[in-house]
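Engineer: Pasting a structure here, questions to come.
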Amino acid sequence: MTAENTPEPVNYTVVGAGAWGTALAVMLSRMGRDVALIARSEKKAQSLQSLRENKEVLPSIRFPESLQTHSLERDSGWRDSVQQAPHAVIILATPTQATRQAVRNLQQQLHKGHDLVITAKGLERETQKRLTDVVREEASEPNLAVLSGPSFAHDVAHGLPTAVTLAAPTLDAADRLCTLIQGQHFRPYASDDLTGVQLGGALKNVLAIAAGVVEGKGLGESAKAALITRGFAELSRLAISQGARSETLAGLSGLGDLVLTCSTAGSRNFRFGYELGKGKKTAHLLASGQPLAEGAKTAAAALALGKANGIDMPITETVAQVVEHDMSIDDAIDALMTRPLTRE
Ligand SMILES: NC(=O)C1=CN([C@@H]2O[C@H](COP(=O)(O)OP(=O)(O)OC[C@H]3O[C@@H](n4cnc5c(N)ncnc54)[C@H](O)[C@@H]3O)[C@@H](O)[C@H]2O)C=CC1
Ligand SMILES: O=C(CO)COP(=O)(O)O
């Protein structure tokens, strides 16, 4: 290949140095790509850079040499690198409720032609908006995509086989990004259903809290199977009312992720629900530094979206009552089991 047709190297920047951002940055850099992982604070960036691992969330996962860490607090030159790159893939791995603020912070870097990949799973609490809408309000230039699906940070960081959905406005755009984001054991499937992929990821977290409650309260495996099935029905009702396609919801980013997070204490949403099932209250869990459980903030937003669209969401409503208003688990069970009988 001559110098003229050698493709320009892609700039990879991952914003948010928590579990998911770190796992994705490690996965991408293991493929020999240069990756910048951007922490919120300079102190965190320096600690990651000197330890070469993220001890708090992914202990003993060594950073490949091609992974460098920087921060939003100090411009060590990474902002210019993104700004001047002919093509950058910027992966946003901050929590849902921090997404708007994170995009505002990156506005100078978000050029036309750059790809911005959203990986958070939730709805903005105040507005009930999906994150593509939130990001569009703050930055209209970059190409938007969404990465979602059954994928624990821990599994990806350990190089275990993982399949996810990568959605973009067109299948061509999604195909192109899949080739840029795939890893040796990280397999993205292309989709053009941004709505379905986002709503599947956001709503499964609410249902995972309910599944954790079932486990914590000892309600049995039959109850859990019923919850997952009826939960999937209400997830689908809301998502389809917003324009999602049913085949997306039955895929990796919907049913796939629902099954994963409702089945194991590896999920933080499940663990949050488990503690609620054991009688703990939300305020106590938040005060004791419980790790991020996106469903706790998305439940009320999803319920409001459902109400605005005339969609019945009994499980989501019950989770919102338990999380936001300390409804007792016994009352929650009664509320669900004494609803008028209906047809499947
Ligand atoms: N951990 C996992 O297995 C997976 C997580 N996700 C999603 O990824 C998102 C992030 O999750 P985790 O990384 O696991 O959470 P985390 O709590 O481990 O990390 C979040 C990180 O974002 C940083 N942050 C917060 N606000 C920020 C801001 N305004 N600007 C820059 N950085 C900011 C925090 O300092 C923290 O390092 C969530 O929406 C989650 O649902 C998706 C797939 C897998
Ligand atoms: O989304 C995830 C796996 O696909 C991670 O789930 P938790 O946020 O519940 O840990």
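In the structure tokens, chains take the letters A, B, ... in the order shown, each chain's residues start at 1, and ligands count up from 1 in the order shown.
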Got a sec to check which residues lie within 8 Å of ligand 2, using only C-alpha atoms and all ligand atoms, and send them as a count of residues only?

Structural biologist: 23

Engineer: Fewer than 5 positions away in the same chain doesn't count, so skip those; otherwise give me all residues within 7 Å of A:Leu166, counting only C-alpha atoms, as a list in words.

Structural biologist: Ala145, Val146, Leu147, Ser148, Ala174, Cys178, Pro188, Tyr189, Ala190 and Ser191 of chain A

Engineer: May I have the residues within 6 Å of ligand 1, computed using only C-alpha atoms and all ligand atoms, as a compact mmCIF listing (two decimals) with C-alpha atoms, in the first residue's frame?

Structural biologist:
# COMPACT_ATOMS: atom_id res chain seq x y z
CA GLY A 16 -15.31 8.12 31.75
CA ALA A 17 -12.77 5.98 33.57
CA GLY A 18 -15.17 3.80 35.54
CA ALA A 19 -15.68 0.06 35.05
CA TRP A 20 -17.15 0.23 31.56
CA GLY A 21 -14.91 2.94 30.10
CA ALA A 39 -10.89 10.35 33.81
CA ARG A 40 -12.91 13.08 35.45
CA ALA A 93 -18.85 5.86 29.20
CA THR A 94 -20.20 8.17 31.89
CA PRO A 95 -23.37 7.46 33.91
CA THR A 96 -26.66 8.39 32.23
CA ALA A 98 -23.87 12.80 33.78
CA GLN A 101 -22.65 17.55 31.37
CA ALA A 102 -19.96 15.33 29.84
CA THR A 119 -22.70 3.46 26.10
CA ALA A 120 -24.76 4.50 29.15
CA LYS A 121 -28.02 2.64 29.75
CA SER A 151 -21.65 -7.24 28.55
CA PHE A 152 -20.24 -7.00 32.04
CA ALA A 153 -17.13 -4.80 32.24
CA LEU A 292 -24.06 2.76 40.25
CA GLU A 294 -28.87 3.08 36.68

Engineer: Determine, counting only C-alpha atoms, which protein, DNA and RNA residues have an atom within 8 Å of an atom of A:Gln97; residues of the same chain fewer than 4 positions away are not included. Present the result as a list in words.

Structural biologist: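 Close residues of A:Gln97: Leu123, Glu124 and Arg125 of chain A.
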
Engineer: The selected residues should be written to file as a PDB file, in the first residue's frame (atoms: N, CA and C atoms).

Structural biologist:
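Saved file again19.pdb follows:
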ATOM      1  N   LEU A 123     -32.467   6.580  31.014  1.00  0.00           N
ATOM      2  CA  LEU A 123     -33.167   7.758  30.503  1.00  0.00           C
ATOM      3  C   LEU A 123     -32.793   8.936  31.386  1.00  0.00           C
ATOM      4  N   GLU A 124     -32.687  10.120  30.792  1.00  0.00           N
ATOM      5  CA  GLU A 124     -32.408  11.298  31.624  1.00  0.00           C
ATOM      6  C   GLU A 124     -33.596  11.518  32.549  1.00  0.00           C
ATOM      7  N   ARG A 125     -33.294  11.637  33.826  1.00  0.00           N
ATOM      8  CA  ARG A 125     -34.357  11.636  34.824  1.00  0.00           C
ATOM      9  C   ARG A 125     -35.302  12.839  34.683  1.00  0.00           C
TER      10      ARG A 125
END

Engineer: For A:Gln182, find every residue with an atom within 12 Å (counting only C-alpha atoms), except residues of its own chain fewer than 2 positions away, and show them as a VMD selection string.

Structural biologist: chain A and resid 24 to 25 27 to 31 33 147 156 161 to 166 174 to 180 184 to 190

Engineer: So that I have them on file, write out the residues from the current selection with C-alpha atoms, as a PDB file, in the first residue's frame.

Structural biologist:
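Writing done, so here's selection_31.pdb:
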ATOM      1  CA  LEU A  24     -13.645  -0.811  26.609  1.00  0.00           C
ATOM      2  CA  ALA A  25     -10.360   1.109  26.553  1.00  0.00           C
ATOM      3  CA  MET A  27     -10.274  -4.148  24.947  1.00  0.00           C
ATOM      4  CA  LEU A  28      -9.573  -1.625  22.156  1.00  0.00           C
ATOM      5  CA  SER A  29      -5.931  -1.113  23.084  1.00  0.00           C
ATOM      6  CA  ARG A  30      -5.311  -4.871  23.223  1.00  0.00           C
ATOM      7  CA  MET A  31      -5.938  -4.797  19.471  1.00  0.00           C
ATOM      8  CA  ARG A  33      -4.906   0.716  18.858  1.00  0.00           C
ATOM      9  CA  LEU A 147     -23.401   0.477  22.017  1.00  0.00           C
ATOM     10  CA  VAL A 156     -14.847  -7.731  28.577  1.00  0.00           C
ATOM     11  CA  PRO A 161     -16.420 -13.736  24.528  1.00  0.00           C
ATOM     12  CA  THR A 162     -19.015 -10.952  24.397  1.00  0.00           C
ATOM     13  CA  ALA A 163     -21.575  -9.933  21.759  1.00  0.00           C
ATOM     14  CA  VAL A 164     -23.280  -6.533  21.722  1.00  0.00           C
ATOM     15  CA  THR A 165     -25.416  -4.363  19.450  1.00  0.00           C
ATOM     16  CA  LEU A 166     -23.993  -1.230  17.849  1.00  0.00           C
ATOM     17  CA  ALA A 174     -23.277   0.878  11.998  1.00  0.00           C
ATOM     18  CA  ASP A 175     -21.330  -1.645   9.859  1.00  0.00           C
ATOM     19  CA  ARG A 176     -18.458   0.832   9.519  1.00  0.00           C
ATOM     20  CA  LEU A 177     -18.315   1.415  13.283  1.00  0.00           C
ATOM     21  CA  CYS A 178     -18.501  -2.307  14.049  1.00  0.00           C
ATOM     22  CA  THR A 179     -15.210  -2.803  12.205  1.00  0.00           C
ATOM     23  CA  LEU A 180     -13.649   0.018  14.231  1.00  0.00           C
ATOM     24  CA  GLN A 184     -10.635 -10.247  19.439  1.00  0.00           C
ATOM     25  CA  HIS A 185     -13.472 -11.595  21.599  1.00  0.00           C
ATOM     26  CA  PHE A 186     -15.761  -8.561  21.422  1.00  0.00           C
ATOM     27  CA  ARG A 187     -18.281  -8.909  18.626  1.00  0.00           C
ATOM     28  CA  PRO A 188     -20.621  -6.031  17.771  1.00  0.00           C
ATOM     29  CA  TYR A 189     -23.735  -6.624  15.631  1.00  0.00           C
ATOM     30  CA  ALA A 190     -24.934  -3.700  13.512  1.00  0.00           C
TER      31      ALA A 190
END

Engineer: With only C-alpha atoms as the counted atoms, please give the residues lying no more than 12 Å from A:Ile311, apart from itself and same-chain residues fewer than 6 positions off, as a PyMOL selection string.

Structural biologist: chain A and resi 233-242+302-305+317

Engineer: Would you kindly return, as JSON, numbers by chain, each protein, DNA or RNA residue with an atom no farther than 7 Å from any atom of stretch 135-139 of chain A, considering only C-alpha atoms and excluding same-chain residues fewer than 4 positions away?

Structural biologist: {"A": [100, 103, 104, 107, 110, 131]}

Engineer: A:Ser60, A:Ser71, A:Gln84, A:Ser47: which is nearest A:Val10, counting only C-alpha atoms?

Structural biologist: A:Gln84

Engineer: Could you give me, as an NGL selection string, each residue of stretch 149-218 of chain A that DSSP assigns to strand (DSSP E or B) when run on this structure's backbone?

Structural biologist: :A and (162-167 or 183 or 186-191)

Engineer: Can you work out the spacing between atom CA of A:Leu160 and atom CA of A:Gly231 in Å, to one decimal?

Structural biologist: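 Rounded to one decimal, the two atoms are 28.0 Å apart.
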
Engineer: Which residues are close to A:Leu67, i.e. within 10 Å by only C-alpha atoms, leaving aside same-chain residues fewer than 2 positions away? Reply as an NGL selection string.

Structural biologist: :A and (12-13 or 22 or 25-30 or 32-37 or 49 or 52 or 63-65 or 69)

Engineer: Restrict the selected residues to N, CA and C atoms and save them as a CSV table (one decimal), in the first residue's frame.

Structural biologist:
chain,number,residue,atom,x,y,z
A,12,TYR,N,-8.8,7.1,19.1
A,12,TYR,CA,-9.8,6.5,20.0
A,12,TYR,C,-9.7,7.2,21.3
A,13,THR,N,-10.8,7.8,21.8
A,13,THR,CA,-10.9,8.4,23.1
A,13,THR,C,-12.1,7.9,23.8
A,22,THR,N,-13.1,1.8,31.3
A,22,THR,CA,-11.8,1.2,31.4
A,22,THR,C,-11.8,-0.2,30.6
A,25,ALA,N,-11.7,0.6,26.9
A,25,ALA,CA,-10.4,1.1,26.6
A,25,ALA,C,-9.3,0.0,26.5
A,26,VAL,N,-9.4,-0.9,27.5
A,26,VAL,CA,-8.4,-2.0,27.5
A,26,VAL,C,-8.7,-2.9,26.3
A,27,MET,N,-9.9,-3.3,26.1
A,27,MET,CA,-10.3,-4.1,24.9
A,27,MET,C,-9.8,-3.6,23.6
A,28,LEU,N,-10.0,-2.3,23.4
A,28,LEU,CA,-9.6,-1.6,22.2
A,28,LEU,C,-8.1,-1.6,22.1
A,29,SER,N,-7.4,-1.3,23.2
A,29,SER,CA,-5.9,-1.1,23.1
A,29,SER,C,-5.2,-2.5,23.0
A,30,ARG,N,-5.9,-3.5,23.4
A,30,ARG,CA,-5.3,-4.9,23.2
A,30,ARG,C,-5.2,-5.2,21.7
A,32,GLY,N,-4.0,-3.3,19.7
A,32,GLY,CA,-2.9,-2.5,19.1
A,32,GLY,C,-3.3,-1.1,18.8
A,33,ARG,N,-4.5,-0.7,19.2
A,33,ARG,CA,-4.9,0.7,18.9
A,33,ARG,C,-4.4,1.6,20.0
A,34,ASP,N,-4.1,2.9,19.6
A,34,ASP,CA,-3.7,3.9,20.6
A,34,ASP,C,-5.0,4.4,21.2
A,35,VAL,N,-5.2,4.3,22.5
A,35,VAL,CA,-6.4,4.7,23.1
A,35,VAL,C,-6.1,5.7,24.2
A,36,ALA,N,-6.9,6.8,24.3
A,36,ALA,CA,-6.8,7.8,25.4
A,36,ALA,C,-8.0,7.5,26.3
A,37,LEU,N,-7.8,7.2,27.6
A,37,LEU,CA,-8.9,7.0,28.6
A,37,LEU,C,-8.9,8.3,29.4
A,49,GLN,N,-2.5,6.1,35.5
A,49,GLN,CA,-1.3,6.1,34.6
A,49,GLN,C,-0.1,5.5,35.3
A,52,ARG,N,-1.1,1.6,36.2
A,52,ARG,CA,-1.4,0.8,35.0
A,52,ARG,C,-2.5,-0.2,35.2
A,63,PHE,N,-3.1,-2.4,32.1
A,63,PHE,CA,-3.3,-1.6,30.9
A,63,PHE,C,-2.2,-1.9,29.8
A,64,PRO,N,-2.6,-2.2,28.6
A,64,PRO,CA,-1.7,-2.3,27.5
A,64,PRO,C,-0.9,-1.0,27.3
A,65,GLU,N,0.3,-1.1,26.7
A,65,GLU,CA,1.1,0.1,26.6
A,65,GLU,C,0.4,1.2,25.8
A,69,THR,N,-3.7,7.5,29.9
A,69,THR,CA,-4.8,8.2,30.6
A,69,THR,C,-4.6,9.7,30.8

Engineer: Counting only C-alpha atoms, which of A:Thr338, A:Ala223, A:Asp330, A:Leu199 gets nearest to A:Gln128?

Structural biologist: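 Distance minimum relative to A:Gln128 lands on A:Leu199.
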